[in-house]
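Structure file run_4.pdb with PDB, C-alpha atoms:
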ATOM      1  CA  MET A   1       0.485  13.491 -13.776
ATOM      2  CA  THR A   2       2.923  10.783 -12.790
ATOM      3  CA  ALA A   3       3.416   7.334 -14.161
ATOM      4  CA  SER A   4       2.398   4.395 -12.090
ATOM      5  CA  PRO A   5       5.378   3.178 -10.060
ATOM      6  CA  ASP A   6       4.219  -0.367 -10.797
ATOM      7  CA  ILE A   7       4.584   0.079 -14.560
ATOM      8  CA  LEU A   8       7.992   1.725 -14.519
ATOM      9  CA  GLY A   9       9.190  -0.392 -11.602
ATOM     10  CA  ALA A  10       8.259  -3.626 -13.369
ATOM     11  CA  GLY A  11      10.360  -2.705 -16.382
ATOM     12  CA  ARG A  12      13.304  -1.726 -14.230
ATOM     13  CA  ARG A  13      13.010  -4.935 -12.168
ATOM     14  CA  GLN A  14      12.921  -6.959 -15.374
ATOM     15  CA  MET A  15      16.038  -5.171 -16.609
ATOM     16  CA  ALA A  16      17.840  -5.777 -13.298
ATOM     17  CA  ALA A  17      16.841  -9.457 -13.280
ATOM     18  CA  LEU A  18      18.023  -9.902 -16.874
ATOM     19  CA  SER A  19      21.302  -8.180 -16.039
ATOM     20  CA  ILE A  20      21.975 -10.395 -13.018
ATOM     21  CA  PHE A  21      20.989 -13.511 -14.935
ATOM     22  CA  LEU A  22      23.253 -12.501 -17.809
ATOM     23  CA  VAL A  23      26.244 -11.904 -15.511
ATOM     24  CA  VAL A  24      25.809 -15.301 -13.810
ATOM     25  CA  GLN A  25      25.338 -16.997 -17.157
ATOM     26  CA  THR A  26      28.433 -15.288 -18.567
ATOM     27  CA  LEU A  27      30.526 -16.429 -15.598
ATOM     28  CA  GLY A  28      29.287 -19.986 -16.105
ATOM     29  CA  THR A  29      30.048 -19.751 -19.800
ATOM     30  CA  VAL A  30      33.603 -18.555 -19.169
ATOM     31  CA  PHE A  31      34.146 -21.452 -16.747
ATOM     32  CA  PHE A  32      32.787 -24.024 -19.196
ATOM     33  CA  VAL A  33      34.726 -22.598 -22.158
ATOM     34  CA  GLY A  34      37.928 -22.949 -20.126
ATOM     35  CA  ASP A  35      36.966 -26.459 -19.082
ATOM     36  CA  VAL A  36      36.106 -27.494 -22.641
ATOM     37  CA  ILE A  37      39.432 -26.145 -23.905
ATOM     38  CA  GLY A  38      41.227 -28.156 -21.197
ATOM     39  CA  ASP A  39      39.223 -31.290 -22.057
ATOM     40  CA  LEU A  40      39.908 -30.803 -25.776
ATOM     41  CA  ARG A  41      43.604 -31.348 -25.142
ATOM     42  CA  GLU A  42      42.980 -34.550 -23.176
ATOM     43  CA  ASP A  43      40.279 -36.521 -25.025
ATOM     44  CA  PRO A  44      38.208 -34.694 -27.657
ATOM     45  CA  TYR A  45      36.090 -37.783 -28.414
ATOM     46  CA  SER A  46      34.920 -38.644 -24.899
ATOM     47  CA  VAL A  47      31.256 -38.399 -23.871
ATOM     48  CA  HIS A  48      32.288 -35.989 -21.113
ATOM     49  CA  PHE A  49      33.918 -33.617 -23.612
ATOM     50  CA  ILE A  50      30.983 -33.762 -26.069
ATOM     51  CA  PHE A  51      28.462 -33.139 -23.278
ATOM     52  CA  GLU A  52      30.409 -30.155 -21.926
ATOM     53  CA  ALA A  53      30.902 -28.772 -25.454
ATOM     54  CA  VAL A  54      27.132 -28.914 -26.096
ATOM     55  CA  VAL A  55      26.375 -27.307 -22.720
ATOM     56  CA  THR A  56      28.975 -24.619 -23.408
ATOM     57  CA  ALA A  57      27.507 -23.898 -26.843
ATOM     58  CA  ALA A  58      24.056 -23.612 -25.244
ATOM     59  CA  LEU A  59      25.448 -21.220 -22.625
ATOM     60  CA  VAL A  60      27.121 -19.092 -25.300
ATOM     61  CA  LEU A  61      23.820 -18.916 -27.205
ATOM     62  CA  GLY A  62      22.033 -18.101 -23.951
ATOM     63  CA  VAL A  63      24.419 -15.227 -23.288
ATOM     64  CA  LEU A  64      23.888 -13.911 -26.815
ATOM     65  CA  PHE A  65      20.095 -14.163 -26.572
ATOM     66  CA  GLY A  66      20.161 -12.718 -23.057
ATOM     67  CA  SER A  67      22.228  -9.770 -24.271
ATOM     68  CA  PHE A  68      19.754  -9.209 -27.066
ATOM     69  CA  ALA A  69      16.811  -9.371 -24.627
ATOM     70  CA  LEU A  70      18.514  -6.976 -22.218
ATOM     71  CA  ARG A  71      19.243  -4.518 -25.023
ATOM     72  CA  ARG A  72      15.610  -4.677 -26.179
ATOM     73  CA  THR A  73      14.362  -4.157 -22.616
ATOM     74  CA  ILE A  74      16.587  -1.106 -22.209
ATOM     75  CA  GLU A  75      15.399   0.292 -25.557
ATOM     76  CA  LEU A  76      11.769  -0.357 -24.572
ATOM     77  CA  LEU A  77      12.199   1.409 -21.228
ATOM     78  CA  ARG A  78      13.799   4.393 -22.952
ATOM     79  CA  ALA A  79      10.961   4.530 -25.493
ATOM     80  CA  GLN A  80       8.363   4.294 -22.715
ATOM     81  CA  ASP A  81      10.060   7.039 -20.718
ATOM     82  CA  GLN A  82      10.175   9.232 -23.818
ATOM     83  CA  ALA A  83       6.509   8.525 -24.628
ATOM     84  CA  LEU A  84       5.582   9.326 -21.039
ATOM     85  CA  GLN A  85       7.396  12.648 -21.235
ATOM     86  CA  VAL A  86       5.615  13.467 -24.506
ATOM     87  CA  ALA A  87       2.262  12.449 -23.015
ATOM     88  CA  ARG A  88       2.880  14.595 -19.954
ATOM     89  CA  GLY A  89       3.646  17.592 -22.137
ATOM     90  CA  ALA A  90       0.715  16.886 -24.434
ATOM     91  CA  LEU A  91      -1.708  16.598 -21.528
ATOM     92  CA  SER A  92      -0.411  19.825 -20.079
ATOM     93  CA  ASP A  93      -0.972  21.520 -23.445
ATOM     94  CA  VAL A  94      -4.495  20.079 -23.708
ATOM     95  CA  ILE A  95      -5.337  21.308 -20.212
ATOM     96  CA  ASP A  96      -3.888  24.753 -20.931
ATOM     97  CA  ARG A  97      -5.866  25.082 -24.190
ATOM     98  CA  GLN A  98      -9.059  23.997 -22.447
ATOM     99  CA  PHE A  99      -8.492  26.510 -19.669
ATOM    100  CA  GLN A 100      -8.108  29.191 -22.359
ATOM    101  CA  ASP A 101     -11.335  28.040 -24.036
ATOM    102  CA  TRP A 102     -13.141  28.322 -20.705
ATOM    103  CA  ALA A 103     -11.619  31.811 -20.278
ATOM    104  CA  LEU A 104     -10.207  31.044 -16.849
ATOM    105  CA  THR A 105      -8.352  33.853 -15.135
ATOM    106  CA  PRO A 106      -4.681  33.301 -14.279
ATOM    107  CA  ALA A 107      -5.637  32.650 -10.647
ATOM    108  CA  GLU A 108      -8.337  30.166 -11.712
ATOM    109  CA  ARG A 109      -5.813  28.411 -13.959
ATOM    110  CA  ASP A 110      -3.408  27.986 -11.050
ATOM    111  CA  VAL A 111      -6.172  26.670  -8.806
ATOM    112  CA  GLY A 112      -7.445  24.402 -11.599
ATOM    113  CA  PHE A 113      -3.997  22.858 -12.190
ATOM    114  CA  LEU A 114      -3.503  22.302  -8.463
ATOM    115  CA  ALA A 115      -6.959  20.707  -8.179
ATOM    116  CA  LEU A 116      -6.171  18.398 -11.104
ATOM    117  CA  LYS A 117      -2.955  17.393  -9.347
ATOM    118  CA  GLY A 118      -5.094  16.229  -6.415
ATOM    119  CA  LEU A 119      -4.469  18.959  -3.856
ATOM    120  CA  ASP A 120      -7.365  19.737  -1.531
ATOM    121  CA  VAL A 121      -8.744  23.210  -0.799
ATOM    122  CA  ALA A 122      -6.550  23.724   2.285
ATOM    123  CA  GLU A 123      -3.377  22.724   0.413
ATOM    124  CA  ILE A 124      -4.220  24.978  -2.534
ATOM    125  CA  ALA A 125      -4.966  27.884  -0.199
ATOM    126  CA  GLU A 126      -1.688  27.385   1.644
ATOM    127  CA  LEU A 127       0.352  27.185  -1.587
ATOM    128  CA  ARG A 128      -1.295  30.277  -3.037
ATOM    129  CA  GLY A 129      -1.345  32.266   0.206
ATOM    130  CA  ALA A 130      -5.106  32.663  -0.100
ATOM    131  CA  ALA A 131      -8.066  32.008   2.142
ATOM    132  CA  GLN A 132      -9.815  28.662   1.795
ATOM    133  CA  GLY A 133     -13.061  30.487   1.024
ATOM    134  CA  THR A 134     -11.359  32.228  -1.900
ATOM    135  CA  VAL A 135     -10.123  28.900  -3.265
ATOM    136  CA  ARG A 136     -13.610  27.362  -2.872
ATOM    137  CA  ALA A 137     -15.123  30.308  -4.763
ATOM    138  CA  GLN A 138     -12.511  29.970  -7.519
ATOM    139  CA  LEU A 139     -13.200  26.243  -7.812
ATOM    140  CA  THR A 140     -16.941  26.943  -8.035
ATOM    141  CA  ARG A 141     -16.323  29.425 -10.881
ATOM    142  CA  ILE A 142     -14.004  26.937 -12.628
ATOM    143  CA  TYR A 143     -16.591  24.156 -12.396
ATOM    144  CA  SER A 144     -19.285  26.521 -13.674
ATOM    145  CA  LYS A 145     -17.194  27.634 -16.649
ATOM    146  CA  ALA A 146     -16.328  23.990 -17.379
ATOM    147  CA  GLY A 147     -19.955  22.912 -17.140
ATOM    148  CA  VAL A 148     -19.233  20.270 -14.488
ATOM    149  CA  SER A 149     -20.677  19.757 -11.025
ATOM    150  CA  GLY A 150     -17.509  19.128  -9.037
ATOM    151  CA  ARG A 151     -13.930  17.978  -8.778
ATOM    152  CA  ALA A 152     -14.571  14.406  -9.968
ATOM    153  CA  GLN A 153     -16.265  15.532 -13.190
ATOM    154  CA  PHE A 154     -13.621  18.218 -13.656
ATOM    155  CA  ALA A 155     -10.810  15.631 -13.516
ATOM    156  CA  ALA A 156     -12.829  13.145 -15.584
ATOM    157  CA  PHE A 157     -13.168  15.742 -18.345
ATOM    158  CA  PHE A 158      -9.425  15.412 -19.023
ATOM    159  CA  VAL A 159      -9.038  11.708 -18.183
ATOM    160  CA  GLU A 160     -11.705  10.766 -20.724
ATOM    161  CA  ASP A 161      -9.488  12.040 -23.542
ATOM    162  CA  LEU A 162      -6.599   9.892 -22.279
ATOM    163  CA  LEU A 163      -8.735   6.757 -22.173
ATOM    164  CA  GLY A 164      -9.862   7.295 -25.758
ATOM    165  CA  ALA A 165     -13.350   5.823 -25.637
ATOM    166  CA  ALA A 166     -16.516   7.324 -24.252
ATOM    167  CA  VAL A 167     -18.439   5.538 -21.548
ATOM    168  CA  PRO A 168     -21.195   3.452 -23.164
ATOM    169  CA  ASP A 169     -24.745   4.676 -22.636
ATOM    170  CA  ALA A 170     -26.632   2.474 -20.147
ATOM    171  CA  ALA A 171     -29.783   2.676 -22.313
ATOM    172  CA  ALA A 172     -27.961   1.372 -25.391
TER     173      ALA A 172
END
As structure tokens, how would this structure be written, given the file I've shared?
Amino acid sequence: MTASPDILGAGRRQMAALSIFLVVQTLGTVFFVGDVIGDLREDPYSVHFIFEAVVTAALVLGVLFGSFALRRTIELLRAQDQALQVARGALSDVIDRQFQDWALTPAERDVGFLALKGLDVAEIAELRGAAQGTVRAQLTRIYSKAGVSGRAQFAAFFVEDLLGAAVPDAAA
């Protein structure tokens, strides 16, 4: 099971955008701080100086808030990556326990895992060095032991636990 590239990619794009924005904002802040210091020596009571001082203060606050947001985004991405790793391991454990409950043979377990990963009969046969007919027969036994009619129901058996809620009854 892999995470959606959209989900992880969006977080990484957000982090990259925040980083670039923060670098540009920091450069602007450094420029304005230098300019304000230079203007302070000339005329600290001019409208120009006061305006630049306010803008500089806003930029400094923006850099601080941007740094905080970037740090939180990085922490969130790390937490999501860690949760994903835990979920991957937990799902693998759930699948393994269910395969044990169904009393699948070691060969059926291998075929079952490969089927859940989305490989077709030809790919499974090639990986296992078996005939396609053998793989089809193993899949038929797996589906029978699982009490499902095919690959879609077999995969749905495990996905349903991830989604948390049962499908509502149409009669209800």
Q: Select, from A:Leu139, A:Ile50, A:Ala69, A:Leu91, the residue with the minimum atom-to-atom distance to Ile124 of chain A, counting all atoms listed in the file.
A: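 Distance minimum relative to Ile124 of chain A lands on A:Leu139.
Coordinates place atom CA of Leu61 of chain A at a distance of 25.7 Å from atom CA of Arg78 of chain A.
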**Q.** d(atom CA of Val111 of chain A, atom CA of Leu84 of chain A) in Å
**A.**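 Between atom CA of Val111 of chain A and atom CA of Leu84 of chain A the gap works out to 24.3 Å.
Atom CA of Leu64 of chain A is found 9.5 Å from atom CA of Thr26 of chain A.
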Q: Select, from A:Val135, A:Ala87, A:Ile95, A:Val24, the residue with the minimum atom-to-atom distance to Ala122 of chain A, counting all atoms listed in the file.
A: A:Val135
Q | Residue IDs satisfying the PyMOL selection byres ((chain A and resi 11) around 12), as JSON, numbers by chain | A | {"A": [4, 5, 6, 7, 8, 9, 10, 12, 13, 14, 15, 16, 17, 18, 70, 72, 73, 74, 75, 76, 77, 78, 79, 80, 81]}
